[in-house]
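Below: model-v1.txt (compact mmCIF, C-alpha atoms)
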# COMPACT_ATOMS: atom_id res chain seq x y z
CA MET A 808 -8.30 -7.82 -42.41
CA LYS A 809 -11.27 -5.46 -41.97
CA CYS A 810 -11.07 -1.81 -40.89
CA GLU A 811 -12.40 -2.60 -37.39
CA ASP A 812 -9.78 -5.33 -36.97
CA VAL A 813 -7.04 -2.78 -37.56
CA SER A 814 -8.03 -0.82 -34.46
CA THR A 815 -6.56 -3.26 -31.94
CA GLU A 816 -3.21 -3.55 -33.68
CA LEU A 817 -2.73 -0.13 -35.23
CA ILE A 818 -1.01 1.48 -32.21
CA ALA A 819 1.32 -1.50 -31.89
CA TYR A 820 2.05 -1.18 -35.62
CA LEU A 821 2.82 2.53 -35.29
CA ASP A 822 4.99 1.75 -32.25
CA GLY A 823 6.90 -0.78 -34.33
CA ARG A 824 5.84 -3.50 -31.89
CA ALA A 825 3.52 -5.54 -34.05
CA ASN A 826 4.82 -9.01 -34.81
CA SER A 827 5.84 -9.80 -38.37
CA SER A 828 2.57 -11.45 -39.39
CA GLY A 829 0.48 -8.66 -37.78
CA ARG A 830 2.61 -6.00 -39.42
CA ARG A 831 2.25 -7.64 -42.83
CA LYS A 832 -1.55 -7.88 -42.47
CA ILE A 833 -1.85 -4.21 -41.49
CA GLU A 834 0.44 -3.10 -44.29
CA ASP A 835 -1.64 -5.11 -46.76
CA HIS A 836 -4.81 -3.48 -45.41
CA LEU A 837 -3.36 0.05 -45.42
CA ALA A 838 -2.19 -0.42 -48.99
CA GLY A 839 -5.78 -1.03 -50.08
CA CYS A 840 -7.70 1.27 -47.67
CA ALA A 841 -7.22 5.02 -48.04
CA ALA A 842 -9.35 5.82 -44.92
CA CYS A 843 -7.24 3.64 -42.62
CA ARG A 844 -4.03 4.85 -44.25
CA ASN A 845 -5.09 8.44 -43.59
CA ARG A 846 -6.07 7.59 -40.01
CA ALA A 847 -2.74 5.92 -39.37
CA GLU A 848 -0.88 8.93 -40.74
CA GLU A 849 -2.88 11.32 -38.56
CA MET A 850 -2.27 9.20 -35.48
CA ARG A 851 1.43 9.36 -36.21
CA LYS A 852 1.12 13.15 -36.28
CA VAL A 853 -0.83 13.10 -33.00
CA SER A 854 2.05 11.24 -31.40
CA MET A 855 4.44 13.91 -32.69
CA LEU A 856 2.21 16.64 -31.27
CA LEU A 857 2.20 14.96 -27.87
CA SER A 858 5.99 15.05 -27.98
CA GLU A 859 5.81 18.83 -28.07
CA MET A 860 4.47 18.92 -24.54
CA PRO A 861 7.26 20.35 -22.37
CA ALA A 862 8.19 18.60 -19.15
CA ILE A 863 7.99 20.47 -15.87
CA GLU A 864 10.47 20.32 -13.03
CA PRO A 865 9.49 19.65 -9.43
CA SER A 866 9.69 22.78 -7.29
CA PHE A 867 12.82 23.67 -5.35
CA GLY A 868 11.65 22.30 -2.02
CA PHE A 869 10.12 19.09 -3.30
CA ASP A 870 12.90 16.73 -2.17
CA ALA A 871 13.16 18.43 1.21
CA ARG A 872 9.43 18.03 1.80
CA VAL A 873 9.55 14.34 0.92
CA ARG A 874 12.54 13.81 3.23
CA GLN A 875 10.78 15.75 5.98
CA ARG A 876 7.68 13.59 5.71
CA VAL A 877 9.76 10.42 5.62
CA ALA A 878 11.70 11.56 8.70
CA ALA A 879 8.41 12.23 10.49
CA GLU A 880 7.32 8.63 10.01
CA PRO A 881 7.11 6.80 13.33
CA ARG A 882 10.02 4.41 13.84
CA ARG A 883 9.15 1.08 15.40
CA SER A 884 11.13 -0.22 18.34
CA TRP A 885 13.64 -3.06 18.00
CA LEU A 886 11.15 -5.31 19.81
CA TRP A 887 8.71 -4.85 16.94
CA GLN A 888 11.43 -5.90 14.51
CA LEU A 889 11.72 -9.21 16.35
CA VAL A 890 8.11 -10.08 15.56
CA PRO A 891 8.30 -12.42 12.57
CA ALA A 892 6.69 -11.41 9.30
CA PRO A 893 4.02 -11.63 8.06
CA ARG A 894 2.82 -10.00 11.25
CA PRO A 895 -0.95 -10.52 10.76
CA ALA A 896 -0.34 -14.28 10.39
CA PHE A 897 1.88 -14.22 13.46
CA ALA A 898 -0.83 -12.38 15.41
CA VAL A 899 -3.45 -14.96 14.41
CA ALA A 900 -1.13 -17.84 15.38
CA LEU A 901 -0.46 -16.19 18.73
CA LEU A 902 -4.18 -15.73 19.31
CA ILE A 903 -4.86 -19.40 18.54
CA ALA A 904 -2.07 -20.48 20.90
CA LEU A 905 -3.48 -18.32 23.71
CA THR A 906 -6.97 -19.69 23.10
CA VAL A 907 -5.69 -23.27 23.35
CA LEU A 908 -3.82 -22.38 26.54
CA VAL A 909 -6.91 -20.84 28.11
CA ALA A 910 -9.00 -23.85 27.06
CA LYS A 911 -6.62 -26.12 28.98
CA LEU A 912 -6.95 -24.15 32.22
CA PRO A 913 -9.95 -26.15 33.66
CA SER A 914 -7.80 -29.32 33.84
CA ASN A 915 -5.34 -27.39 36.00
CA HIS A 916 -8.22 -26.57 38.38
CA GLN A 917 -8.63 -30.27 39.10
CA THR A 918 -5.17 -30.42 40.63
CA VAL A 919 -5.96 -27.40 42.70
CA THR A 920 -9.26 -28.79 44.08
CA PRO A 921 -7.74 -31.49 46.43
CA ALA A 922 -5.51 -28.87 47.94
CA VAL A 923 -8.54 -26.73 48.59
CA ALA A 924 -10.39 -29.72 50.06
CA THR A 925 -7.43 -30.56 52.30
CA SER A 926 -7.35 -27.04 53.49
CA ALA A 927 -11.07 -27.16 54.31
CA GLN A 928 -10.61 -30.41 56.25
CA GLU A 929 -7.76 -28.93 58.23
CA GLN A 930 -9.89 -25.93 59.01
CA GLU A 931 -12.65 -28.18 60.29
CA GLU A 932 -10.21 -30.11 62.51
CA ASP A 933 -8.83 -26.90 63.87
CA PHE A 934 -12.36 -25.72 64.56
CA ASN A 935 -13.21 -28.95 66.48
CA ALA A 936 -10.00 -28.72 68.44
CA ILE A 937 -10.82 -25.20 69.44
CA LYS A 938 -14.41 -26.22 70.22
CA ASN A 939 -13.18 -29.02 72.50
CA LEU A 940 -10.44 -26.92 74.01
CA GLY A 941 -12.58 -26.09 77.08
CA VAL A 942 -13.02 -29.78 77.92
CA LEU A 943 -9.31 -30.44 77.60
CA GLU A 944 -8.45 -27.56 79.88
CA ASN A 945 -10.83 -28.99 82.54
CA TYR A 946 -9.34 -32.45 82.20
CA ASP A 947 -7.20 -32.25 85.35
CA VAL A 948 -10.03 -30.79 87.37
CA LEU A 949 -12.43 -33.48 86.30
CA THR A 950 -9.97 -36.34 86.87
CA LYS A 951 -9.13 -35.10 90.37
CA PHE A 952 -12.71 -34.38 91.30
CA ASP A 953 -13.46 -36.52 94.40
CA ALA A 954 -17.04 -37.19 93.50
CA LEU A 955 -15.85 -39.05 90.42
CA GLU A 956 -13.96 -41.59 92.53
CA GLU A 957 -17.22 -42.94 93.75
CA ALA A 958 -18.47 -43.47 90.26
CA PRO A 959 -18.14 -46.98 88.81
CA ALA A 960 -15.06 -47.41 86.69
CA THR A 961 -15.57 -47.78 82.97
CA PRO A 962 -13.28 -49.88 80.70
CA SER A 963 -12.05 -46.77 78.98
CA SER A 964 -11.13 -45.22 82.32
CA GLN A 965 -9.09 -48.22 83.63
CA PRO A 966 -5.65 -46.99 82.59
CA ASP A 967 -6.42 -43.71 84.27
CA ASP A 968 -7.51 -45.51 87.40
CA LYS A 969 -4.22 -47.41 87.49
CA ALA A 970 -2.32 -44.23 87.04
CA ARG A 971 -4.35 -42.57 89.75
CA GLN A 972 -3.71 -45.49 92.09
CA GLY A 973 -0.03 -45.17 91.35
CA ASP A 974 -0.22 -41.52 92.26
CA GLN A 975 -2.00 -42.29 95.50
CA SER A 976 0.55 -44.93 96.49
CA ASN A 977 3.29 -42.41 95.80
CA ASP A 978 1.54 -40.03 98.06
CA MET B 292 27.94 -1.05 -11.42
CA ALA B 293 24.69 0.81 -10.87
CA ARG B 294 22.17 -0.93 -8.70
CA THR B 295 18.77 -1.75 -10.16
CA ASP B 296 15.59 -0.27 -8.76
CA VAL B 297 14.71 -3.57 -7.15
CA GLU B 298 18.14 -3.77 -5.47
CA LEU B 299 17.76 -0.20 -4.23
CA MET B 300 14.33 -0.97 -2.85
CA LEU B 301 15.60 -4.10 -1.11
CA ASP B 302 18.32 -1.95 0.46
CA VAL B 303 15.63 0.48 1.64
CA LYS B 304 13.80 -2.50 3.10
CA ALA B 305 16.97 -3.45 4.96
CA GLY B 306 17.09 0.03 6.49
CA ASP B 307 19.31 1.94 4.05
CA ASP B 308 17.59 5.33 3.69
CA SER B 309 20.25 6.59 1.24
CA SER B 310 18.91 4.09 -1.32
CA PHE B 311 15.50 5.66 -0.90
CA ASP B 312 17.12 8.97 -1.76
CA PHE B 313 18.45 7.46 -5.02
CA LEU B 314 14.95 6.37 -5.97
CA LEU B 315 13.60 9.79 -5.06
CA GLN B 316 16.13 11.49 -7.31
CA LYS B 317 15.49 9.08 -10.17
CA TYR B 318 11.70 9.20 -10.18
CA ARG B 319 10.78 12.62 -8.80
CA SER B 320 10.59 14.26 -12.21
CA PRO B 321 8.77 11.46 -14.11
CA LEU B 322 6.26 11.13 -11.28
CA VAL B 323 5.57 14.85 -10.96
CA ASN B 324 5.16 15.15 -14.74
CA PHE B 325 2.88 12.14 -14.97
CA LEU B 326 0.75 13.40 -12.10
CA TYR B 327 0.71 16.95 -13.44
CA ARG B 328 -0.57 15.69 -16.80
CA MET B 329 -3.17 13.64 -14.97
CA VAL B 330 -4.49 16.28 -12.57
CA ARG B 331 -3.47 19.50 -14.41
CA ASP B 332 -2.39 21.28 -11.26
CA THR B 333 1.23 21.61 -10.18
CA ALA B 334 0.56 21.89 -6.44
CA THR B 335 -1.76 18.87 -6.45
CA ALA B 336 0.72 16.93 -8.61
CA GLU B 337 3.54 17.60 -6.15
CA ASP B 338 1.37 16.71 -3.17
CA LEU B 339 0.40 13.45 -4.83
CA ALA B 340 4.02 12.70 -5.80
CA GLN B 341 5.07 13.21 -2.17
CA GLU B 342 2.30 10.86 -1.11
CA VAL B 343 3.53 8.24 -3.61
CA PHE B 344 7.07 8.37 -2.19
CA LEU B 345 5.73 8.26 1.35
CA ARG B 346 3.64 5.19 0.57
CA VAL B 347 6.64 3.50 -1.01
CA TYR B 348 8.65 4.21 2.13
CA ARG B 349 5.88 3.02 4.42
CA ALA B 350 5.54 -0.21 2.46
CA ARG B 351 9.30 -0.91 2.39
CA LYS B 352 9.15 -3.71 4.96
CA GLN B 353 6.51 -5.57 2.98
CA TYR B 354 8.22 -5.03 -0.39
CA THR B 355 8.77 -8.15 -2.46
CA PRO B 356 10.25 -7.85 -5.96
CA SER B 357 7.39 -9.68 -7.66
CA ALA B 358 7.08 -7.05 -10.41
CA LYS B 359 9.13 -4.18 -11.84
CA PHE B 360 9.61 -1.36 -9.38
CA THR B 361 8.18 1.14 -11.85
CA THR B 362 5.00 -0.94 -12.18
CA TRP B 363 4.49 -0.70 -8.44
CA LEU B 364 5.46 2.98 -8.30
CA PHE B 365 3.20 4.09 -11.15
CA ARG B 366 0.36 1.90 -9.98
CA ILE B 367 0.35 3.81 -6.69
CA ALA B 368 0.64 7.09 -8.61
CA THR B 369 -2.14 6.17 -11.03
CA ASN B 370 -4.52 5.15 -8.26
CA LEU B 371 -3.85 8.35 -6.34
CA ALA B 372 -4.28 10.43 -9.50
CA LEU B 373 -7.51 8.70 -10.49
CA ASN B 374 -8.92 9.24 -7.00
CA SER B 375 -7.88 12.87 -7.06
CA VAL B 376 -9.33 13.42 -10.53
CA ARG B 377 -12.61 11.78 -9.56
CA ASP B 378 -12.82 13.86 -6.40
CA ASN B 379 -12.35 17.04 -8.42
CA ARG B 380 -14.06 15.95 -11.61
CA TYR B 381 -16.68 18.63 -11.74
CA ALA B 382 -14.55 21.34 -10.22
CA LYS B 383 -11.44 20.92 -12.32
CA LEU B 384 -11.87 18.81 -15.40
CA ALA B 385 -15.08 19.99 -16.99
CA VAL B 386 -13.07 22.52 -18.97
CA PRO B 387 -14.10 23.09 -22.57
CA LEU B 388 -11.36 23.36 -25.17
CA ASP B 389 -12.21 26.99 -25.87
CA ALA B 390 -12.04 28.06 -22.21
CA PRO B 391 -9.43 30.69 -21.29
CA PRO B 392 -6.10 29.31 -20.08
CA GLU B 393 -5.64 28.79 -16.35
CA GLU B 394 -3.20 30.67 -14.14
CA ASP B 395 -0.87 27.71 -13.74
CA ALA B 396 -1.39 26.34 -17.23
CA ALA B 397 2.29 26.39 -18.14
CA PRO B 398 4.46 26.17 -15.03
CA MET B 399 8.19 26.69 -15.40
CA GLU B 400 8.03 26.72 -19.18
CA LEU B 401 10.32 29.45 -20.35
CA PRO B 402 10.59 30.50 -23.98
CA ALA B 403 13.84 29.83 -25.77
CA ARG B 404 15.99 32.98 -25.94
CA GLU B 405 15.97 33.13 -29.68
CA MET B 406 12.17 32.81 -29.83
CA ARG B 407 10.23 35.99 -30.54
CA ILE B 408 7.28 37.00 -28.36
CA ASP B 409 4.70 36.29 -31.06
CA GLU B 410 6.30 32.91 -31.73
CA HIS B 411 6.22 32.17 -28.02
CA MET B 412 2.52 33.06 -27.83
CA ILE B 413 1.75 30.79 -30.76
CA GLU B 414 3.83 28.05 -29.16
CA ARG B 415 2.08 28.54 -25.83
CA ASP B 416 -1.35 28.42 -27.41
CA ARG B 417 -0.40 25.30 -29.30
CA THR B 418 0.93 23.62 -26.15
CA GLU B 419 -2.16 24.61 -24.23
CA PHE B 420 -4.35 23.21 -26.99
CA ILE B 421 -2.58 19.86 -26.80
CA ARG B 422 -2.70 19.88 -23.00
CA ARG B 423 -6.44 20.43 -23.04
CA ALA B 424 -6.93 17.67 -25.58
CA ILE B 425 -5.11 15.27 -23.26
CA ALA B 426 -7.13 16.53 -20.30
CA SER B 427 -10.38 15.92 -22.16
CA LEU B 428 -9.70 12.18 -22.33
CA PRO B 429 -11.46 9.90 -19.83
CA GLU B 430 -9.14 9.26 -16.87
CA LYS B 431 -8.15 5.72 -17.72
CA GLN B 432 -7.48 6.54 -21.37
CA ARG B 433 -5.42 9.53 -20.26
CA ALA B 434 -3.36 7.40 -17.89
CA ALA B 435 -2.81 4.84 -20.65
CA VAL B 436 -1.62 7.49 -23.13
CA LEU B 437 0.69 9.15 -20.59
CA LEU B 438 2.30 5.87 -19.57
CA HIS B 439 2.62 4.80 -23.21
CA LYS B 440 3.82 8.06 -24.66
CA TYR B 441 5.85 9.74 -21.92
CA GLU B 442 6.99 6.88 -19.70
CA GLU B 443 7.56 4.65 -22.75
CA MET B 444 6.33 1.57 -20.93
CA ASP B 445 5.51 -1.65 -22.73
CA TYR B 446 1.93 -2.90 -23.00
CA GLU B 447 2.35 -5.57 -20.37
CA GLU B 448 3.51 -3.08 -17.75
CA ILE B 449 0.81 -0.52 -18.55
CA ALA B 450 -1.83 -3.27 -18.45
CA ARG B 451 -0.58 -4.29 -15.00
CA ILE B 452 -0.69 -0.71 -13.76
CA LEU B 453 -4.20 -0.18 -15.07
CA ASP B 454 -5.30 -3.66 -14.04
CA CYS B 455 -6.56 -4.77 -17.43
CA SER B 456 -5.59 -7.25 -20.14
CA GLU B 457 -3.16 -6.37 -22.91
CA SER B 458 -5.88 -6.60 -25.55
CA ALA B 459 -8.11 -4.32 -23.48
CA LEU B 460 -5.20 -1.91 -23.18
CA LYS B 461 -4.64 -1.87 -26.96
CA SER B 462 -8.32 -1.03 -27.49
CA LEU B 463 -8.08 1.65 -24.79
CA LEU B 464 -5.04 3.19 -26.45
CA PHE B 465 -6.65 3.09 -29.88
CA ARG B 466 -9.76 4.88 -28.59
CA ALA B 467 -7.58 7.45 -26.81
CA TYR B 468 -5.44 8.20 -29.88
CA GLU B 469 -8.54 8.26 -32.05
CA SER B 470 -10.12 10.82 -29.72
CA LEU B 471 -6.93 12.89 -29.72
CA ARG B 472 -6.86 12.73 -33.53
CA VAL B 473 -10.30 14.32 -33.61
CA GLN B 474 -9.54 16.87 -30.87
CA LEU B 475 -6.25 17.91 -32.43
CA ALA B 476 -7.52 17.92 -36.01
CA PRO B 477 -6.66 21.62 -36.54
CA LEU B 478 -3.04 20.94 -35.56
CA VAL B 479 -2.88 17.59 -37.30
CA ALA B 480 -3.76 19.30 -40.55
CA GLN B 481 -0.72 21.58 -40.13
CA PRO B 482 2.76 20.35 -40.88
CA VAL B 483 4.30 19.07 -37.66
CA GLU B 484 7.86 20.05 -36.81
CA GLN B 485 9.95 17.07 -35.98
CA ARG B 486 11.72 17.58 -32.67
CA ALA B 487 14.71 15.93 -31.20
CA GLY B 488 14.10 13.13 -28.75
CA GLU B 489 10.57 12.39 -29.84
CA GLY B 490 8.85 9.42 -28.32
CA ARG B 491 6.64 6.77 -29.79
CA PRO B 492 5.05 5.85 -32.12
CA SER B 493 7.94 6.12 -34.54
If you convert what's in this file into structure tokens, what do you get?
Amino acid sequence: MKCEDVSTELIAYLDGRANSSGRRKIEDHLAGCAACRNRAEEMRKVSMLLSEMPAIEPSFGFDARVRQRVAAEPRRSWLWQLVPAPRPAFAVALLIALTVLVAKLPSNHQTVTPAVATSAQEQEEDFNAIKNLGVLENYDVLTKFDALEEAPATPSSQPDDKARQGDQSND
Amino acid sequence: MARTDVELMLDVKAGDDSSFDFLLQKYRSPLVNFLYRMVRDTATAEDLAQEVFLRVYRARKQYTPSAKFTTWLFRIATNLALNSVRDNRYAKLAVPLDAPPEEDAAPMELPAREMRIDEHMIERDRTEFIRRAIASLPEKQRAAVLLHKYEEMDYEEIARILDCSESALKSLLFRAYESLRVQLAPLVAQPVEQRAGEGRPS
């Protein structure tokens, strides 16, 4: 093992975490290399020096401040809890479902169209009925108009003529 | 039987805020210390630690125990610390080793009663010297040393927190300790007093 190869395993060796073969290789190298042996010893001392660093304690109000900030967190309603997790995936699935639903809407229009057409036809019939209403109102006047009796009878008017004759005989 | 961190966090996820309080009590001190050693300012460290806990709470509903809780916790803390350090790099961290100590250099560190004033001053200078050596490390090296030395995490966990491979982490740690060896050479040359409860390397 060369000096540069020691670098990757030296800390693990000093930690006591090197595996048996790695430990043996390093020990063999340290036994024959005064520079690396000295370096390893100084690193051990560095570790001891770091242990001298005192720990600090969080300030008196630390816990209270954390609890205060946690308590200030917005709580979601129970409805939100019903939304299955993961919520982004659920949102995407919902969006796709809505898109499919909207895409199907034109086929529903086809069922609506006949109804609209029927309605338009009815409107037209109503309009014609209203337009011809004046003629219907004058029907009695026209049928009892004397001048019409002199007119030649038409096939369509025969039933009316019979009825009229009946009326006259009744009179 | 004590609940594990993952069990506590799953309870928090289920709506049990008292479990969050357990986690707060357990990790408040390690987090504040880690962040203080990263940013070298007690107020900033506490603000960042609060932010870490708040982010943990906010993310409770999405929590899945795919890794150790501490990996997740310290990853949030490390990212926040690195951002804070980078934001204040020129204002706060360009401090030479021979600069005068700062006002808040040693918060809440009281001398032992039996220690004389001159001993305390020597101790304080020594501590400050070490603190500045740590602060002089590049941010990622510093985070690696702090997690390795003070949080006593294994390589795999530190590598996950720092988002690097284990071999890259070992190189990072070697460079960091090598740099500290040079920075602390005056103290390394002195005999080091062995203290109780020392961490790694052993």
(Q) Please find the residues of chain A near chain B - the criterion being any atom within 6 Å, counting only C-alpha atoms - and write them as a PyMOL selection string. (A) chain A and resi 815+821-822+858+873
Neighbour list for stretch 365-375 of chain B as an MDAnalysis selection string, cut-off 7 Å, only C-alpha atoms, skip fewer than 5 positions in-chain: chainID B and resid 326 329:330 339 343 430 452
For the residues in the current selection, export C-alpha atoms as a PDB file, in the coordinates of the input.
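See selection.pdb below for the written result:
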ATOM      1  CA  LEU B 326       0.750  13.400 -12.100  1.00  0.00           C
ATOM      2  CA  MET B 329      -3.170  13.640 -14.970  1.00  0.00           C
ATOM      3  CA  VAL B 330      -4.490  16.280 -12.570  1.00  0.00           C
ATOM      4  CA  LEU B 339       0.400  13.450  -4.830  1.00  0.00           C
ATOM      5  CA  VAL B 343       3.530   8.240  -3.610  1.00  0.00           C
ATOM      6  CA  GLU B 430      -9.140   9.260 -16.870  1.00  0.00           C
ATOM      7  CA  ILE B 452      -0.690  -0.710 -13.760  1.00  0.00           C
TER       8      ILE B 452
END
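Note that the spacing between atom CA of B:Ala435 and atom CA of B:Cys455 amounts to 10.8 Å.
Picture a line from atom CA of A:Leu837 to atom CA of A:Met808; it runs 9.8 Å.
Here atom CA of A:Cys840 is placed at a distance of 15.7 Å from atom CA of A:Tyr820.
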